[in-house]
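upload-v6.cif (mmCIF, C-alpha atoms (C1' of nucleotides))
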data_my_file
#
loop_
_atom_site.label_atom_id
_atom_site.label_comp_id
_atom_site.auth_asym_id
_atom_site.auth_seq_id
_atom_site.Cartn_x
_atom_site.Cartn_y
_atom_site.Cartn_z
CA MET A 1 26.68 11.44 21.40
CA GLU A 2 26.80 9.28 24.52
CA SER A 3 29.21 6.40 24.64
CA LYS A 4 26.31 3.96 24.91
CA ASP A 5 24.86 5.45 21.72
CA LYS A 6 28.20 5.40 20.00
CA ASN A 7 28.47 1.73 20.82
CA LYS A 8 24.96 1.11 19.47
CA HIS A 9 25.94 2.64 16.13
CA GLU A 10 29.14 0.62 16.02
CA VAL A 11 27.25 -2.60 16.65
CA VAL A 12 24.69 -2.04 13.90
CA ARG A 13 27.35 -0.87 11.44
CA HIS A 14 29.22 -4.06 12.14
CA ILE A 15 26.12 -6.16 11.56
CA LEU A 16 25.53 -4.40 8.25
CA THR A 17 29.14 -4.85 7.19
CA GLU A 18 28.93 -8.57 7.91
CA PHE A 19 25.62 -8.87 6.09
CA LEU A 20 26.91 -7.05 3.01
CA SER A 21 30.08 -9.08 2.89
CA LEU A 22 28.20 -12.35 3.36
CA HIS A 23 25.85 -11.49 0.50
CA LYS A 24 28.57 -10.02 -1.73
CA LEU A 25 26.96 -6.60 -1.66
CA ARG A 26 28.78 -3.29 -1.63
CA ALA A 27 29.47 -1.07 1.33
CA THR A 28 28.25 2.25 -0.06
CA ARG A 29 28.21 5.53 1.80
CA GLU A 30 24.42 5.75 1.31
CA ARG A 31 23.82 2.50 3.17
CA PHE A 32 25.79 3.58 6.21
CA GLU A 33 24.40 7.11 6.30
CA ILE A 34 20.85 5.71 6.18
CA LEU A 35 21.65 3.16 8.87
CA ASP A 36 23.01 5.89 11.16
CA ALA A 37 19.94 8.04 10.58
CA ILE A 38 17.58 5.17 11.42
CA TYR A 39 19.39 4.45 14.67
CA ASN A 40 19.24 8.14 15.62
CA ILE A 41 15.52 8.48 15.02
CA ASN A 42 13.40 7.55 18.03
CA GLY A 43 10.21 5.70 17.19
CA HIS A 44 8.48 5.23 13.86
CA PHE A 45 9.12 6.90 10.56
CA THR A 46 7.94 6.72 6.95
CA ASN A 47 10.11 6.52 3.84
CA ASP A 48 9.52 10.25 3.27
CA GLN A 49 10.30 11.23 6.85
CA LEU A 50 13.54 9.28 6.69
CA GLN A 51 14.52 11.04 3.47
CA ASP A 52 13.71 14.43 5.06
CA TYR A 53 15.72 13.55 8.14
CA LEU A 54 18.69 12.57 6.00
CA GLU A 55 18.50 15.78 3.99
CA ASN A 56 17.74 18.24 6.80
CA VAL A 57 19.44 16.76 9.86
CA CYS A 58 22.23 14.64 8.39
CA LYS A 59 22.72 16.99 5.41
CA PHE A 60 22.91 13.99 3.14
CA ARG A 61 20.93 13.85 -0.12
CA VAL A 62 19.64 10.46 -1.31
CA SER A 63 17.08 9.59 -3.93
CA ARG A 64 13.69 8.26 -3.00
CA ALA A 65 14.43 4.99 -4.79
CA THR A 66 17.57 4.46 -2.75
CA VAL A 67 15.67 4.93 0.49
CA TYR A 68 13.19 2.29 -0.65
CA ASN A 69 15.92 -0.08 -1.74
CA THR A 70 17.91 0.39 1.42
CA LEU A 71 14.95 -0.12 3.74
CA ASN A 72 14.19 -3.39 1.96
CA LEU A 73 17.80 -4.44 2.33
CA PHE A 74 17.78 -3.55 6.03
CA MET A 75 14.63 -5.60 6.53
CA ASP A 76 16.37 -8.61 5.01
CA ALA A 77 19.29 -7.95 7.34
CA ARG A 78 16.84 -7.74 10.27
CA LEU A 79 18.06 -4.24 11.12
CA VAL A 80 14.67 -2.66 10.50
CA VAL A 81 11.05 -3.76 10.84
CA CYS A 82 8.07 -2.45 8.92
CA HIS A 83 4.56 -1.73 10.13
CA ASN A 84 2.13 -1.87 7.25
CA CYS A 85 -0.93 -1.01 9.32
CA SER A 86 -0.98 2.49 7.87
CA VAL A 87 -0.41 3.93 4.41
CA PRO A 88 2.35 4.84 3.85
CA PRO A 89 3.94 2.09 5.98
CA GLN A 90 6.00 3.03 9.02
CA TYR A 91 9.41 1.64 9.81
CA GLU A 92 11.27 1.19 13.06
CA ARG A 93 14.72 -0.02 14.01
CA ALA A 94 14.83 -3.67 15.00
CA LEU A 95 17.68 -3.60 17.51
CA PHE A 96 18.22 -1.58 20.67
CA VAL A 97 14.51 -1.26 21.34
CA ASP A 98 12.65 -2.51 24.41
CA PRO A 99 10.20 -5.30 23.63
CA HIS A 100 6.85 -3.69 22.93
CA PHE A 101 3.65 -4.12 21.01
CA HIS A 102 1.49 -1.64 19.16
CA LEU A 103 -1.87 -0.11 19.87
CA ILE A 104 -3.55 0.98 16.65
CA CYS A 105 -6.60 3.19 16.65
CA THR A 106 -9.04 1.95 14.02
CA GLU A 107 -10.42 5.48 13.67
CA CYS A 108 -7.47 7.84 13.37
CA LYS A 109 -4.89 5.12 12.53
CA SER A 110 -2.55 6.47 15.19
CA MET A 111 -0.06 3.95 16.50
CA THR A 112 1.38 4.00 20.01
CA GLU A 113 3.70 1.61 21.75
CA MET A 114 3.20 -0.40 24.88
CA LYS A 115 5.94 -2.21 26.70
CA ASN A 116 5.65 -5.93 26.78
CA SER A 117 7.42 -8.90 28.14
CA LEU A 118 4.77 -11.58 27.96
CA ILE A 119 4.39 -12.65 24.37
CA GLY A 120 7.91 -13.81 23.68
CA GLU A 121 7.54 -16.89 25.84
CA SER A 122 4.39 -18.14 24.14
CA LEU A 123 6.08 -17.96 20.78
CA LYS A 124 8.52 -20.69 21.63
CA LEU A 125 5.63 -23.00 20.85
CA VAL A 126 5.73 -22.14 17.16
CA ASP A 127 6.56 -25.22 15.14
CA THR A 128 10.16 -24.82 14.06
CA LYS A 129 10.04 -27.59 11.51
CA ARG A 130 7.60 -26.01 9.13
CA PHE A 131 8.40 -22.40 9.95
CA LYS A 132 11.57 -20.79 11.24
CA ALA A 133 10.32 -17.92 13.39
CA ALA A 134 12.60 -14.88 13.61
CA TYR A 135 10.55 -12.13 15.24
CA HIS A 136 6.95 -11.24 15.85
CA MET A 137 4.65 -8.27 15.88
CA LEU A 138 1.57 -7.91 18.01
CA TYR A 139 -0.99 -5.31 17.03
CA VAL A 140 -3.87 -4.49 19.30
CA TYR A 141 -6.65 -2.70 17.44
CA GLY A 142 -9.21 -0.56 19.14
CA LEU A 143 -9.95 3.06 19.92
CA CYS A 144 -7.53 5.58 21.34
CA ALA A 145 -8.91 7.76 24.15
CA LYS A 146 -9.53 10.74 21.87
CA CYS A 147 -11.44 8.77 19.23
CA ALA A 148 -13.39 6.80 21.82
CA LEU A 149 -14.66 10.08 23.25
CA ARG A 150 -15.48 11.55 19.85
CA LYS A 151 -17.34 8.41 18.78
CA LYS A 152 -19.34 8.40 21.99
CA ARG A 153 -20.42 11.98 21.29
CA GLU A 154 -21.35 11.16 17.69
CA MET A 155 -23.47 8.26 18.87
CA LYS A 156 -25.32 10.51 21.31
CA LYS A 157 -26.01 12.96 18.49
CA LEU A 158 -27.44 10.17 16.33
CA ASP A 159 -29.73 9.06 19.14
CA LYS A 160 -31.24 12.51 19.34
CA LEU A 161 -32.23 12.55 15.65
CA MET B 1 -25.62 -25.12 2.38
CA GLU B 2 -25.49 -26.72 5.83
CA SER B 3 -27.82 -25.43 8.51
CA LYS B 4 -24.86 -24.32 10.60
CA ASP B 5 -23.64 -22.25 7.65
CA LYS B 6 -27.09 -20.86 7.00
CA ASN B 7 -27.21 -19.74 10.60
CA LYS B 8 -23.78 -18.12 10.27
CA HIS B 9 -25.00 -16.04 7.33
CA GLU B 10 -28.13 -15.04 9.17
CA VAL B 11 -26.12 -13.92 12.18
CA VAL B 12 -23.76 -11.72 10.20
CA ARG B 13 -26.59 -10.29 8.06
CA HIS B 14 -28.34 -9.35 11.27
CA ILE B 15 -25.21 -7.66 12.63
CA LEU B 16 -24.86 -5.69 9.40
CA THR B 17 -28.54 -4.68 9.43
CA GLU B 18 -28.18 -3.40 12.98
CA PHE B 19 -24.98 -1.55 12.19
CA LEU B 20 -26.48 0.13 9.11
CA SER B 21 -29.61 1.14 10.95
CA LEU B 22 -27.63 2.49 13.91
CA HIS B 23 -25.47 4.60 11.61
CA LYS B 24 -28.36 5.67 9.34
CA LEU B 25 -26.82 3.93 6.36
CA ARG B 26 -28.73 2.17 3.61
CA ALA B 27 -29.27 -1.55 3.24
CA THR B 28 -28.19 -1.99 -0.37
CA ARG B 29 -28.14 -5.25 -2.26
CA GLU B 30 -24.40 -4.78 -2.90
CA ARG B 31 -23.61 -4.74 0.82
CA PHE B 32 -25.43 -7.97 1.51
CA GLU B 33 -24.12 -9.77 -1.56
CA ILE B 34 -20.57 -8.83 -0.58
CA LEU B 35 -21.14 -9.90 3.01
CA ASP B 36 -22.44 -13.29 1.87
CA ALA B 37 -19.46 -13.75 -0.42
CA ILE B 38 -16.99 -12.94 2.35
CA TYR B 39 -18.58 -15.45 4.70
CA ASN B 40 -18.49 -18.11 1.98
CA ILE B 41 -14.81 -17.65 1.20
CA ASN B 42 -12.49 -19.68 3.40
CA GLY B 43 -9.31 -17.92 4.42
CA HIS B 44 -7.77 -14.75 3.07
CA PHE B 45 -8.64 -12.76 -0.02
CA THR B 46 -7.67 -9.52 -1.72
CA ASN B 47 -9.99 -6.81 -3.01
CA ASP B 48 -9.55 -8.19 -6.53
CA GLN B 49 -10.14 -11.79 -5.52
CA LEU B 50 -13.33 -10.79 -3.78
CA GLN B 51 -14.53 -8.96 -6.86
CA ASP B 52 -13.72 -12.00 -9.01
CA TYR B 53 -15.53 -14.30 -6.60
CA LEU B 54 -18.59 -12.07 -6.69
CA GLU B 55 -18.59 -11.95 -10.47
CA ASN B 56 -17.73 -15.58 -11.22
CA VAL B 57 -19.20 -17.54 -8.32
CA CYS B 58 -22.02 -15.30 -7.09
CA LYS B 59 -22.75 -13.96 -10.60
CA PHE B 60 -23.00 -10.50 -9.15
CA ARG B 61 -21.22 -7.53 -10.77
CA VAL B 62 -19.92 -4.76 -8.53
CA SER B 63 -17.51 -1.95 -9.24
CA ARG B 64 -14.05 -1.96 -7.79
CA ALA B 65 -14.78 1.22 -5.84
CA THR B 66 -17.79 -0.38 -4.18
CA VAL B 67 -15.71 -3.34 -3.05
CA TYR B 68 -13.22 -0.92 -1.48
CA ASN B 69 -15.97 1.12 0.17
CA THR B 70 -17.77 -1.92 1.45
CA LEU B 71 -14.69 -3.56 2.92
CA ASN B 72 -13.94 -0.34 4.79
CA LEU B 73 -17.50 -0.27 6.06
CA PHE B 74 -17.28 -3.90 7.18
CA MET B 75 -14.05 -3.17 9.02
CA ASP B 76 -15.81 -0.42 10.95
CA ALA B 77 -18.60 -2.87 11.69
CA ARG B 78 -16.01 -5.41 12.87
CA LEU B 79 -17.24 -7.95 10.33
CA VAL B 80 -13.93 -8.08 8.49
CA VAL B 81 -10.27 -7.68 9.42
CA CYS B 82 -7.46 -6.58 7.18
CA HIS B 83 -3.89 -7.87 7.00
CA ASN B 84 -1.62 -5.22 5.55
CA CYS B 85 1.50 -7.33 5.73
CA SER B 86 1.39 -7.90 1.98
CA VAL B 87 0.64 -5.67 -0.98
CA PRO B 88 -2.18 -5.71 -1.91
CA PRO B 89 -3.62 -6.19 1.59
CA GLN B 90 -5.52 -9.36 2.39
CA TYR B 91 -8.84 -9.46 4.16
CA GLU B 92 -10.48 -12.11 6.28
CA ARG B 93 -13.82 -12.44 7.99
CA ALA B 94 -13.81 -11.44 11.65
CA LEU B 95 -16.51 -13.78 12.98
CA PHE B 96 -16.89 -17.56 12.86
CA VAL B 97 -13.14 -18.14 12.73
CA ASP B 98 -11.08 -20.09 15.23
CA PRO B 99 -8.59 -17.92 17.12
CA HIS B 100 -5.34 -18.00 15.19
CA PHE B 101 -2.25 -16.03 14.40
CA HIS B 102 -0.28 -15.61 11.21
CA LEU B 103 3.06 -16.89 10.04
CA ILE B 104 4.51 -14.61 7.40
CA CYS B 105 7.48 -15.63 5.31
CA THR B 106 9.79 -12.66 4.91
CA GLU B 107 11.03 -14.10 1.63
CA CYS B 108 7.98 -15.11 -0.39
CA LYS B 109 5.47 -13.09 1.68
CA SER B 110 3.25 -16.14 1.99
CA MET B 111 0.92 -16.07 4.96
CA THR B 112 -0.32 -19.16 6.76
CA GLU B 113 -2.44 -19.55 9.83
CA MET B 114 -1.68 -21.23 13.09
CA LYS B 115 -4.26 -22.03 15.72
CA ASN B 116 -3.80 -20.19 18.95
CA SER B 117 -5.46 -19.94 22.30
CA LEU B 118 -2.70 -18.35 24.34
CA ILE B 119 -2.50 -14.72 23.43
CA GLY B 120 -6.03 -13.64 24.30
CA GLU B 121 -5.42 -13.96 28.02
CA SER B 122 -2.33 -11.77 28.08
CA LEU B 123 -4.22 -9.00 26.33
CA LYS B 124 -6.56 -8.47 29.22
CA LEU B 125 -3.66 -6.55 30.71
CA VAL B 126 -3.97 -3.78 28.13
CA ASP B 127 -4.82 -0.51 29.85
CA THR B 128 -8.48 0.13 29.11
CA LYS B 129 -8.42 3.75 30.25
CA ARG B 130 -6.16 5.08 27.57
CA PHE B 131 -7.02 2.55 24.88
CA LYS B 132 -10.18 0.53 24.31
CA ALA B 133 -8.89 -2.73 22.85
CA ALA B 134 -11.26 -4.51 20.47
CA TYR B 135 -9.21 -7.23 18.82
CA HIS B 136 -5.61 -8.10 18.16
CA MET B 137 -3.41 -9.56 15.47
CA LEU B 138 -0.23 -11.47 16.04
CA TYR B 139 2.18 -11.85 13.15
CA VAL B 140 5.16 -14.13 13.40
CA TYR B 141 7.77 -13.33 10.77
CA GLY B 142 10.35 -15.80 9.61
CA LEU B 143 11.02 -18.27 6.85
CA CYS B 144 8.59 -20.84 5.51
CA ALA B 145 10.03 -24.31 4.96
CA LYS B 146 10.41 -23.82 1.20
CA CYS B 147 12.26 -20.51 1.47
CA ALA B 148 14.42 -21.69 4.35
CA LEU B 149 15.63 -24.55 2.15
CA ARG B 150 16.16 -22.32 -0.86
CA LYS B 151 18.10 -19.78 1.20
CA LYS B 152 20.28 -22.48 2.69
CA ARG B 153 21.17 -23.67 -0.82
CA GLU B 154 21.93 -20.14 -1.97
CA MET B 155 24.23 -19.61 0.99
CA LYS B 156 26.11 -22.82 0.17
CA LYS B 157 26.54 -21.58 -3.41
CA LEU B 158 27.97 -18.28 -2.19
CA ASP B 159 30.48 -20.07 0.04
CA LYS B 160 31.87 -21.92 -2.95
CA LEU B 161 32.58 -18.71 -4.87
"C1'" DG C 1 -39.00 13.04 -3.97
"C1'" DT C 2 -34.64 13.09 -1.68
"C1'" DC C 3 -30.12 11.97 -1.04
"C1'" DA C 4 -26.96 8.00 0.05
"C1'" DG C 5 -24.76 4.62 -2.73
"C1'" DT C 6 -23.04 2.92 -7.04
"C1'" DG C 7 -20.39 2.65 -11.53
"C1'" DC C 8 -17.08 4.51 -14.21
"C1'" DA C 9 -13.10 6.91 -15.34
"C1'" DA C 10 -9.85 10.15 -14.05
"C1'" DA C 11 -6.76 11.63 -10.49
"C1'" DC C 12 -3.81 10.69 -6.94
"C1'" DT C 13 -0.47 8.27 -3.97
"C1'" DT C 14 2.96 4.98 -3.30
"C1'" DT C 15 6.24 1.83 -5.19
"C1'" DT C 16 8.91 -0.21 -8.87
"C1'" DT C 17 11.57 -0.12 -13.06
"C1'" DG C 18 14.73 1.23 -16.95
"C1'" DC C 19 18.69 3.45 -18.06
"C1'" DA C 20 22.76 6.41 -17.85
"C1'" DA C 21 26.27 7.81 -14.66
"C1'" DC C 22 28.97 6.68 -10.80
"C1'" DT C 23 31.91 4.13 -7.64
"C1'" DA C 24 33.26 0.01 -4.60
"C1'" DC C 25 36.00 -3.64 -5.25
"C1'" DG D 1 37.86 -2.65 -15.69
"C1'" DT D 2 33.66 -4.81 -14.08
"C1'" DA D 3 29.45 -4.92 -12.19
"C1'" DG D 4 26.67 -3.41 -8.25
"C1'" DT D 5 24.47 0.96 -6.82
"C1'" DT D 6 22.54 5.35 -7.35
"C1'" DG D 7 19.64 9.24 -9.27
"C1'" DC D 8 16.20 10.54 -12.11
"C1'" DA D 9 12.12 10.14 -14.52
"C1'" DA D 10 8.72 7.32 -16.36
"C1'" DA D 11 5.68 3.48 -15.56
"C1'" DA D 12 3.09 0.52 -12.75
"C1'" DA D 13 0.22 -0.71 -8.91
"C1'" DG D 14 -3.17 0.35 -5.65
"C1'" DT D 15 -6.63 3.51 -3.83
"C1'" DT D 16 -9.54 7.55 -3.77
"C1'" DT D 17 -12.42 10.99 -5.84
"C1'" DG D 18 -15.84 13.54 -8.82
"C1'" DC D 19 -19.83 13.24 -11.20
"C1'" DA D 20 -23.97 11.42 -13.28
"C1'" DC D 21 -27.26 7.88 -12.52
"C1'" DT D 22 -29.82 4.64 -9.60
"C1'" DG D 23 -32.51 2.98 -5.94
"C1'" DA D 24 -33.50 2.74 -0.56
"C1'" DC D 25 -36.30 5.04 2.47
#
Is it possible to give me this structure as structure tokens?
Amino acid sequence: MESKDKNKHEVVRHILTEFLSLHKLRATRERFEILDAIYNINGHFTNDQLQDYLENVCKFRVSRATVYNTLNLFMDARLVVCHNCSVPPQYERALFVDPHFHLICTECKSMTEMKNSLIGESLKLVDTKRFKAAYHMLYVYGLCAKCALRKKREMKKLDKL
Amino acid sequence: MESKDKNKHEVVRHILTEFLSLHKLRATRERFEILDAIYNINGHFTNDQLQDYLENVCKFRVSRATVYNTLNLFMDARLVVCHNCSVPPQYERALFVDPHFHLICTECKSMTEMKNSLIGESLKLVDTKRFKAAYHMLYVYGLCAKCALRKKREMKKLDKL
DNA sequence: GTCAGTGCAAACTTTTTGCAACTAC
DNA sequence: GTAGTTGCAAAAAGTTTGCACTGAC
């Protein structure tokens, strides 16, 4: 593990420790193992994929319910964000990621990232009296290259009928 | 019904007719009743709420499966958009709505709208070669006023322990 | 007349819950 | 020791599917 990565893990573990202590919750091994796993995975993952990763890569068994519970806890702690655009939902770490938004294909439901630095500024306009904004998600829906091509072909076929 | 509203319904019915004909799908009564209902409802609605509205307000019985099927069809036709941020997902008409984005409370999951005219411009930058952008959704997560107050009180309570 | 679309119920997937056992504090 | 947390299995919630019937073309 690189020293930069080691530091990343230390930072998020510290945030979790603080959060647990502030909310009078317990520092269980499960919570820290799951946190480590999440900050080792690059990109998006589902509940199931996280459980598989824990079992196969980290050699750490957890129950499905605990993964659910822990992901919810981490979302409260702002350590993880959830993308509900697909079923099952996909999760992603909230810290140590470059600002980006998501391109979602309305056909195949695939989700890809695109780097972004523009939106953040506009959001400062959000009324802070009636709503305390913490973070935002921008989803751009459309067609990925593959599906756009396939759809074009299907349309041509229909025309010929 | 106002003449503006009547026109709105005619426009979306026409779009649906075109879409169905293009895709060799059938113009069933169900599809048009559901379309009318959607463009009468203001704001967001769930599958269930739509079915209730159809039954109680429109006096038109449809099966749950048909509501699911039809909403999926309307999403393909870009007549409806879906917000998956909550379970069950909420739908909203895609046309005849002012540009807006959504404020989602991470505590109570409530979703409110905020008018917006800024984001659209930035999106023109999305690479059109690899992804054909059609529309976008911006979700701002945070705390609604009610939950922010409640959380603040809870924190104070914890401090006293 | 044909076959896409619908209604209904059953099946399936995903998430939550209840309870006994465990363990952080 | 107490009570929060976990694992497991059962239940609940949400969505899809199979099949017989209906109705658009």
The PyMOL selection byres ((chain B) within 9 of (chain D)) applied to the shown file, residues as an MDAnalysis selection string = chainID B and resid 26:28 65 68 87:88
Residues from the last selection, C-alpha atoms, saved as a PDB file, keeping the file's coordinate frame:
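Contents of out30.pdb, freshly written:
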ATOM      1  CA  ARG B  26     -28.730   2.170   3.610  1.00  0.00           C
ATOM      2  CA  ALA B  27     -29.270  -1.550   3.240  1.00  0.00           C
ATOM      3  CA  THR B  28     -28.190  -1.990  -0.370  1.00  0.00           C
ATOM      4  CA  ALA B  65     -14.780   1.220  -5.840  1.00  0.00           C
ATOM      5  CA  TYR B  68     -13.220  -0.920  -1.480  1.00  0.00           C
ATOM      6  CA  VAL B  87       0.640  -5.670  -0.980  1.00  0.00           C
ATOM      7  CA  PRO B  88      -2.180  -5.710  -1.910  1.00  0.00           C
TER       8      PRO B  88
END
Among listed residues A:Arg61, A:Arg150, A:Lys109, A:His23, nearest chain B (using all atoms listed in the file) =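 Among the listed residues, the smallest separation from chain B belongs to A:His23.
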Excluding same-chain residues fewer than 5 positions from Ile41 of chain B, what lies within 10 Å of it counting all atoms listed in the file, as an MDAnalysis selection string?
-> chainID B and resid 36 50 53 92:93
Please produce a file of the residues just selected, as a PDB file, in the coordinates of the input, where the atoms kept are C-alpha atoms.
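Generated file (out30.pdb):
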ATOM      1  CA  ASP B  36     -22.440 -13.290   1.870  1.00  0.00           C
ATOM      2  CA  LEU B  50     -13.330 -10.790  -3.780  1.00  0.00           C
ATOM      3  CA  TYR B  53     -15.530 -14.300  -6.600  1.00  0.00           C
ATOM      4  CA  GLU B  92     -10.480 -12.110   6.280  1.00  0.00           C
ATOM      5  CA  ARG B  93     -13.820 -12.440   7.990  1.00  0.00           C
TER       6      ARG B  93
END
Taking the file as I've supplied it (selection: the PyMOL selection byres ((chain B and resi 57) around 12)), which residues are included? Please answer as a PDB file with C-alpha atoms, in the frame of the given file.
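And here is the file that came out, out02.pdb:
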ATOM      1  CA  GLU B  33     -24.120  -9.770  -1.560  1.00  0.00           C
ATOM      2  CA  ILE B  34     -20.570  -8.830  -0.580  1.00  0.00           C
ATOM      3  CA  ASP B  36     -22.440 -13.290   1.870  1.00  0.00           C
ATOM      4  CA  ALA B  37     -19.460 -13.750  -0.420  1.00  0.00           C
ATOM      5  CA  ILE B  38     -16.990 -12.940   2.350  1.00  0.00           C
ATOM      6  CA  ASN B  40     -18.490 -18.110   1.980  1.00  0.00           C
ATOM      7  CA  ILE B  41     -14.810 -17.650   1.200  1.00  0.00           C
ATOM      8  CA  GLN B  49     -10.140 -11.790  -5.520  1.00  0.00           C
ATOM      9  CA  LEU B  50     -13.330 -10.790  -3.780  1.00  0.00           C
ATOM     10  CA  GLN B  51     -14.530  -8.960  -6.860  1.00  0.00           C
ATOM     11  CA  ASP B  52     -13.720 -12.000  -9.010  1.00  0.00           C
ATOM     12  CA  TYR B  53     -15.530 -14.300  -6.600  1.00  0.00           C
ATOM     13  CA  LEU B  54     -18.590 -12.070  -6.690  1.00  0.00           C
ATOM     14  CA  GLU B  55     -18.590 -11.950 -10.470  1.00  0.00           C
ATOM     15  CA  ASN B  56     -17.730 -15.580 -11.220  1.00  0.00           C
ATOM     16  CA  CYS B  58     -22.020 -15.300  -7.090  1.00  0.00           C
ATOM     17  CA  LYS B  59     -22.750 -13.960 -10.600  1.00  0.00           C
ATOM     18  CA  PHE B  60     -23.000 -10.500  -9.150  1.00  0.00           C
ATOM     19  CA  ARG B  61     -21.220  -7.530 -10.770  1.00  0.00           C
TER      20      ARG B  61
END
Output of the PyMOL selection byres ((chain B) within 8 of (chain A)), listed as a PyMOL selection string | chain B and resi 23+76+83-85+103+106+118-119+122+129-145+148+158
